[in-house]
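Asker: My file is run.txt. It has compact mmCIF, N, CA and C atoms:
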# COMPACT_ATOMS: atom_id res chain seq x y z
N MET A 1 146.61 204.12 156.96
CA MET A 1 147.07 204.98 155.88
C MET A 1 148.39 205.62 156.30
N PRO A 2 149.42 205.55 155.44
CA PRO A 2 150.70 206.16 155.77
C PRO A 2 150.55 207.68 155.94
N ALA A 3 151.43 208.25 156.75
CA ALA A 3 151.35 209.68 157.07
C ALA A 3 151.45 210.55 155.81
N GLY A 4 152.32 210.18 154.86
CA GLY A 4 152.46 210.95 153.62
C GLY A 4 151.18 210.95 152.81
N MET A 5 150.51 209.80 152.77
CA MET A 5 149.26 209.69 152.02
C MET A 5 148.17 210.50 152.70
N LEU A 6 148.12 210.44 154.02
CA LEU A 6 147.13 211.21 154.78
C LEU A 6 147.32 212.70 154.53
N LYS A 7 148.56 213.15 154.55
CA LYS A 7 148.86 214.56 154.32
C LYS A 7 148.41 214.97 152.91
N LEU A 8 148.64 214.11 151.93
CA LEU A 8 148.22 214.39 150.56
C LEU A 8 146.70 214.49 150.46
N VAL A 9 146.00 213.59 151.11
CA VAL A 9 144.53 213.60 151.09
C VAL A 9 144.00 214.86 151.78
N VAL A 10 144.57 215.21 152.91
CA VAL A 10 144.14 216.42 153.63
C VAL A 10 144.40 217.66 152.79
N ASN A 11 145.58 217.75 152.17
CA ASN A 11 145.88 218.90 151.32
C ASN A 11 144.92 218.98 150.14
N GLY A 12 144.61 217.84 149.52
CA GLY A 12 143.66 217.82 148.42
C GLY A 12 142.28 218.26 148.86
N PHE A 13 141.85 217.79 150.02
CA PHE A 13 140.55 218.18 150.56
C PHE A 13 140.51 219.68 150.82
N LEU A 14 141.57 220.21 151.42
CA LEU A 14 141.61 221.65 151.71
C LEU A 14 141.60 222.48 150.43
N ALA A 15 142.35 222.03 149.42
CA ALA A 15 142.36 222.75 148.14
C ALA A 15 140.97 222.75 147.51
N GLY A 16 140.31 221.60 147.55
CA GLY A 16 138.95 221.52 147.03
C GLY A 16 138.00 222.41 147.79
N LEU A 17 138.17 222.46 149.10
CA LEU A 17 137.34 223.32 149.94
C LEU A 17 137.51 224.79 149.57
N VAL A 18 138.74 225.20 149.31
CA VAL A 18 139.00 226.58 148.90
C VAL A 18 138.32 226.88 147.57
N VAL A 19 138.41 225.96 146.62
CA VAL A 19 137.77 226.16 145.31
C VAL A 19 136.26 226.31 145.47
N VAL A 20 135.66 225.44 146.25
CA VAL A 20 134.21 225.50 146.46
C VAL A 20 133.84 226.80 147.19
N ALA A 21 134.61 227.19 148.19
CA ALA A 21 134.31 228.41 148.94
C ALA A 21 134.40 229.64 148.04
N VAL A 22 135.45 229.73 147.23
CA VAL A 22 135.59 230.89 146.35
C VAL A 22 134.48 230.89 145.30
N GLY A 23 134.10 229.71 144.83
CA GLY A 23 132.97 229.62 143.89
C GLY A 23 131.69 230.14 144.51
N GLU A 24 131.46 229.80 145.76
CA GLU A 24 130.26 230.26 146.46
C GLU A 24 130.33 231.78 146.70
N ILE A 25 131.50 232.27 147.07
CA ILE A 25 131.67 233.71 147.27
C ILE A 25 131.44 234.44 145.94
N ALA A 26 131.94 233.87 144.85
CA ALA A 26 131.76 234.49 143.52
C ALA A 26 130.29 234.60 143.16
N ARG A 27 129.52 233.60 143.54
CA ARG A 27 128.08 233.62 143.24
C ARG A 27 127.39 234.75 144.00
N ARG A 28 127.83 234.98 145.23
CA ARG A 28 127.17 235.98 146.08
C ARG A 28 127.77 237.37 145.91
N SER A 29 129.09 237.44 145.73
CA SER A 29 129.76 238.74 145.63
C SER A 29 130.95 238.62 144.67
N PRO A 30 130.70 238.77 143.38
CA PRO A 30 131.76 238.60 142.39
C PRO A 30 132.98 239.49 142.62
N ARG A 31 132.76 240.69 143.09
CA ARG A 31 133.89 241.61 143.30
C ARG A 31 134.83 241.09 144.40
N VAL A 32 134.27 240.57 145.46
CA VAL A 32 135.10 240.01 146.54
C VAL A 32 135.85 238.78 146.02
N ALA A 33 135.19 237.95 145.25
CA ALA A 33 135.84 236.77 144.68
C ALA A 33 136.97 237.18 143.74
N ASP A 34 136.76 238.27 142.98
CA ASP A 34 137.82 238.76 142.10
C ASP A 34 139.08 239.10 142.89
N VAL A 35 138.90 239.77 144.02
CA VAL A 35 140.05 240.14 144.86
C VAL A 35 140.73 238.89 145.41
N ILE A 36 139.94 237.94 145.87
CA ILE A 36 140.50 236.70 146.41
C ILE A 36 141.31 235.97 145.33
N LEU A 37 140.77 235.92 144.11
CA LEU A 37 141.46 235.23 143.03
C LEU A 37 142.68 235.99 142.53
N ALA A 38 142.61 237.32 142.55
CA ALA A 38 143.71 238.13 142.04
C ALA A 38 144.92 238.10 142.96
N VAL A 39 144.70 237.98 144.23
CA VAL A 39 145.79 237.92 145.19
C VAL A 39 146.24 236.45 145.27
N PRO A 40 147.48 236.18 144.96
CA PRO A 40 147.93 234.79 144.92
C PRO A 40 148.09 234.16 146.30
N LEU A 41 146.95 233.90 146.95
CA LEU A 41 146.98 233.34 148.31
C LEU A 41 147.72 232.01 148.38
N VAL A 42 147.58 231.22 147.34
CA VAL A 42 148.26 229.92 147.33
C VAL A 42 149.77 230.12 147.36
N VAL A 43 150.24 231.10 146.62
CA VAL A 43 151.69 231.37 146.60
C VAL A 43 152.17 231.74 148.00
N PHE A 44 151.42 232.59 148.68
CA PHE A 44 151.80 232.97 150.04
C PHE A 44 151.92 231.74 150.93
N ALA A 45 150.91 230.89 150.85
CA ALA A 45 150.89 229.68 151.68
C ALA A 45 152.03 228.74 151.33
N VAL A 46 152.28 228.53 150.04
CA VAL A 46 153.36 227.64 149.62
C VAL A 46 154.71 228.16 150.09
N TYR A 47 154.95 229.44 149.93
CA TYR A 47 156.22 230.01 150.39
C TYR A 47 156.39 229.83 151.90
N ALA A 48 155.34 230.09 152.66
CA ALA A 48 155.42 229.93 154.11
C ALA A 48 155.69 228.48 154.49
N VAL A 49 154.98 227.54 153.86
CA VAL A 49 155.19 226.12 154.16
C VAL A 49 156.59 225.69 153.78
N MET A 50 157.06 226.14 152.61
CA MET A 50 158.43 225.80 152.20
C MET A 50 159.44 226.28 153.23
N TYR A 51 159.27 227.52 153.69
CA TYR A 51 160.23 228.07 154.65
C TYR A 51 160.14 227.36 156.00
N LEU A 52 158.93 226.99 156.41
CA LEU A 52 158.79 226.27 157.67
C LEU A 52 159.43 224.88 157.58
N GLN A 53 159.36 224.25 156.40
CA GLN A 53 159.96 222.92 156.24
C GLN A 53 161.47 223.00 156.17
N VAL A 54 161.98 223.95 155.39
CA VAL A 54 163.43 224.15 155.25
C VAL A 54 163.68 225.65 155.27
N PRO A 55 164.18 226.19 156.38
CA PRO A 55 164.34 227.64 156.49
C PRO A 55 165.49 228.18 155.63
N ASP A 56 165.27 228.15 154.32
CA ASP A 56 166.24 228.65 153.35
C ASP A 56 165.48 229.48 152.33
N ILE A 57 165.84 230.74 152.22
CA ILE A 57 165.09 231.63 151.33
C ILE A 57 165.50 231.48 149.87
N ALA A 58 166.65 230.88 149.58
CA ALA A 58 167.14 230.79 148.20
C ALA A 58 166.14 230.12 147.25
N PRO A 59 165.59 228.93 147.57
CA PRO A 59 164.63 228.34 146.62
C PRO A 59 163.35 229.15 146.50
N ILE A 60 162.95 229.80 147.58
CA ILE A 60 161.75 230.63 147.55
C ILE A 60 161.99 231.86 146.67
N SER A 61 163.17 232.42 146.78
CA SER A 61 163.54 233.56 145.97
C SER A 61 163.57 233.19 144.48
N ARG A 62 164.09 232.01 144.15
CA ARG A 62 164.09 231.55 142.76
C ARG A 62 162.65 231.41 142.24
N MET A 63 161.79 230.83 143.07
CA MET A 63 160.40 230.69 142.67
C MET A 63 159.73 232.05 142.48
N ALA A 64 160.03 233.01 143.34
CA ALA A 64 159.44 234.34 143.23
C ALA A 64 159.87 235.01 141.92
N ARG A 65 161.13 234.83 141.54
CA ARG A 65 161.58 235.40 140.27
C ARG A 65 160.85 234.75 139.09
N GLN A 66 160.64 233.45 139.17
CA GLN A 66 159.88 232.75 138.13
C GLN A 66 158.45 233.27 138.06
N MET A 67 157.85 233.51 139.23
CA MET A 67 156.47 234.01 139.26
C MET A 67 156.37 235.38 138.59
N LEU A 68 157.40 236.20 138.72
CA LEU A 68 157.38 237.52 138.06
C LEU A 68 157.28 237.38 136.55
N VAL A 69 157.75 236.27 136.01
CA VAL A 69 157.65 236.00 134.57
C VAL A 69 156.35 235.26 134.26
N LEU A 70 156.03 234.24 135.05
CA LEU A 70 154.91 233.36 134.72
C LEU A 70 153.54 234.01 134.93
N VAL A 71 153.41 234.90 135.88
CA VAL A 71 152.10 235.54 136.10
C VAL A 71 151.68 236.34 134.86
N PRO A 72 152.53 237.21 134.31
CA PRO A 72 152.11 237.90 133.08
C PRO A 72 151.85 236.93 131.91
N LEU A 73 152.60 235.83 131.85
CA LEU A 73 152.38 234.85 130.78
C LEU A 73 151.04 234.14 130.91
N SER A 74 150.46 234.14 132.10
CA SER A 74 149.16 233.49 132.29
C SER A 74 147.98 234.41 131.95
N LEU A 75 148.24 235.68 131.79
CA LEU A 75 147.15 236.64 131.54
C LEU A 75 146.38 236.41 130.24
N PRO A 76 147.00 235.89 129.17
CA PRO A 76 146.20 235.63 127.95
C PRO A 76 145.01 234.70 128.19
N PHE A 77 145.05 233.89 129.22
CA PHE A 77 143.91 233.02 129.53
C PHE A 77 142.62 233.83 129.70
N PHE A 78 142.72 235.00 130.28
CA PHE A 78 141.54 235.79 130.62
C PHE A 78 140.95 236.56 129.44
N VAL A 79 141.73 236.77 128.40
CA VAL A 79 141.27 237.61 127.28
C VAL A 79 140.00 237.07 126.62
N PRO A 80 139.97 235.81 126.17
CA PRO A 80 138.73 235.36 125.51
C PRO A 80 137.53 235.30 126.45
N ILE A 81 137.77 235.06 127.73
CA ILE A 81 136.66 235.03 128.68
C ILE A 81 136.15 236.44 128.95
N ALA A 82 137.09 237.38 129.12
CA ALA A 82 136.71 238.76 129.39
C ALA A 82 135.94 239.38 128.23
N PHE A 83 136.26 238.96 127.01
CA PHE A 83 135.62 239.54 125.83
C PHE A 83 134.71 238.55 125.11
N ALA A 84 134.25 237.54 125.84
CA ALA A 84 133.40 236.50 125.23
C ALA A 84 132.16 237.07 124.57
N ASP A 85 131.53 238.05 125.20
CA ASP A 85 130.32 238.62 124.60
C ASP A 85 130.64 239.32 123.28
N ARG A 86 131.72 240.05 123.23
CA ARG A 86 132.11 240.74 122.00
C ARG A 86 132.57 239.77 120.92
N LEU A 87 133.16 238.65 121.34
CA LEU A 87 133.64 237.64 120.39
C LEU A 87 132.56 236.62 120.05
N HIS A 88 131.39 236.78 120.66
CA HIS A 88 130.26 235.86 120.46
C HIS A 88 130.63 234.43 120.84
N LEU A 89 131.27 234.30 121.99
CA LEU A 89 131.67 233.00 122.50
C LEU A 89 130.84 232.65 123.73
N THR A 90 130.52 231.38 123.88
CA THR A 90 129.95 230.91 125.13
C THR A 90 131.11 230.53 126.05
N PHE A 91 130.78 230.12 127.27
CA PHE A 91 131.83 229.88 128.26
C PHE A 91 132.87 228.86 127.82
N TRP A 92 132.44 227.65 127.44
CA TRP A 92 133.42 226.59 127.18
C TRP A 92 134.35 226.88 126.01
N PRO A 93 133.87 227.42 124.91
CA PRO A 93 134.83 227.80 123.86
C PRO A 93 135.80 228.89 124.32
N ALA A 94 135.30 229.89 125.05
CA ALA A 94 136.18 230.94 125.56
C ALA A 94 137.21 230.35 126.52
N PHE A 95 136.77 229.44 127.38
CA PHE A 95 137.66 228.78 128.34
C PHE A 95 138.73 227.98 127.59
N ALA A 96 138.31 227.22 126.59
CA ALA A 96 139.26 226.40 125.82
C ALA A 96 140.28 227.27 125.08
N ILE A 97 139.82 228.36 124.49
CA ILE A 97 140.74 229.27 123.80
C ILE A 97 141.72 229.87 124.80
N GLY A 98 141.22 230.25 125.98
CA GLY A 98 142.10 230.78 127.02
C GLY A 98 143.16 229.77 127.43
N LEU A 99 142.76 228.51 127.59
CA LEU A 99 143.73 227.47 127.93
C LEU A 99 144.77 227.31 126.82
N MET A 100 144.32 227.36 125.59
CA MET A 100 145.27 227.26 124.46
C MET A 100 146.24 228.43 124.46
N LEU A 101 145.73 229.63 124.72
CA LEU A 101 146.60 230.82 124.73
C LEU A 101 147.65 230.74 125.84
N VAL A 102 147.22 230.36 127.05
CA VAL A 102 148.18 230.29 128.15
C VAL A 102 149.16 229.14 127.93
N THR A 103 148.70 228.05 127.36
CA THR A 103 149.60 226.94 127.04
C THR A 103 150.63 227.39 126.02
N ALA A 104 150.20 228.12 125.01
CA ALA A 104 151.13 228.61 123.99
C ALA A 104 152.14 229.58 124.58
N SER A 105 151.68 230.50 125.43
CA SER A 105 152.61 231.50 125.98
C SER A 105 153.62 230.87 126.92
N VAL A 106 153.17 229.98 127.80
CA VAL A 106 154.09 229.34 128.74
C VAL A 106 155.01 228.36 128.00
N SER A 107 154.48 227.62 127.04
CA SER A 107 155.31 226.69 126.28
C SER A 107 156.39 227.42 125.51
N THR A 108 156.04 228.55 124.91
CA THR A 108 157.02 229.36 124.18
C THR A 108 158.12 229.83 125.13
N TYR A 109 157.72 230.31 126.29
CA TYR A 109 158.70 230.75 127.29
C TYR A 109 159.64 229.61 127.69
N LEU A 110 159.05 228.45 127.99
CA LEU A 110 159.87 227.30 128.39
C LEU A 110 160.80 226.86 127.27
N TRP A 111 160.32 226.91 126.03
CA TRP A 111 161.15 226.52 124.89
C TRP A 111 162.30 227.52 124.69
N LEU A 112 162.00 228.81 124.82
CA LEU A 112 163.03 229.84 124.62
C LEU A 112 164.07 229.87 125.73
N THR A 113 163.70 229.40 126.91
CA THR A 113 164.61 229.48 128.06
C THR A 113 165.22 228.13 128.44
N ARG A 114 165.11 227.15 127.55
CA ARG A 114 165.66 225.83 127.91
C ARG A 114 167.15 225.83 127.88
How does the structure come out when it is put into structure tokens?

Answerer:
Amino acid sequence: MPAGMLKLVVNGFLAGLVVVAVGEIARRSPRVADVILAVPLVVFAVYAVMYLQVPDIAPISRMARQMLVLVPLSLPFFVPIAFADRLHLTFWPAFAIGLMLVTASVSTYLWLTR
């Protein structure tokens, strides 16, 4: 297996492991899982890896500015899930509506800033 492919497989495995671990933590301690999910650990890791690969802060700084816009634009995803009981929604419809809302907000942003 080529080194690039191996690295991709390892990264995919690690990402899956994180998802499963946070899911298990959420089952046992939802509040701890909330903190883990709220803190953008992936962003920290990506920025560190980017800097280790190419020690230039300019692209990382550009990404950080984008994150300041994109994080608030992703918040509509949580609204139908957070209020599913009041809206009389089960999980999958609330999840689908959340995906539609975040898609609409990010798409609008991308269209307005093209």

Asker: Could you name the residues that touch segment 40-50 of chain A at 8 Å or less, counting all atoms listed in the file, but leaving out those on the same chain fewer than 6 positions away, as a list in words?

Answerer: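 Using all atoms listed in the file, the neighbours found are Asp56, Ile57 and Ile60 of chain A.
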
Asker: I need the residue nearest Ala38 of chain A from this list: A:Leu75, A:Leu68, A:Leu87, A:Val9. Use only C-alpha atoms for the distance.

Answerer: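 Result for the nearest residue to Ala38 of chain A: A:Leu75.
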
Asker: Residues at most 6.5 Å from Ala33 of chain A, counting all atoms listed in the file, excluding those fewer than 6 positions away in the same chain, as a ChimeraX atom specification?

Answerer: /A:22,25-26

Asker: Smallest atom-to-atom distance to Ala94 of chain A: which of A:Leu17, A:Ile81, A:Leu37, A:Val106, using all atoms listed in the file?

Answerer: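 The shortest atom-to-atom distance to Ala94 of chain A comes from A:Ile81.
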
Asker: Go ahead and fit an axis-aligned box to every listed atom of segment 17-22 of chain A plus 8 Å each side, and pass me the centre and edge lengths in Å, one decimal, as JSON.

Answerer:
{"center_x": 136.4, "center_y": 226.7, "center_z": 147.6, "size_x": 21.2, "size_y": 24.4, "size_z": 20.6}

Asker: Between atom CA of Ile97 of chain A and atom CA of Ala21 of chain A, what is the distance in Å, rounded to a tenth?

Answerer: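 Computing the Euclidean distance for atom CA of Ile97 of chain A and atom CA of Ala21 of chain A yields 26.0 Å.
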
Asker: Enter the distance from atom CA of Phe78 of chain A to atom CA of Pro59 of chain A, in Å, rounded to one decimal.

Answerer: 29.1 Å
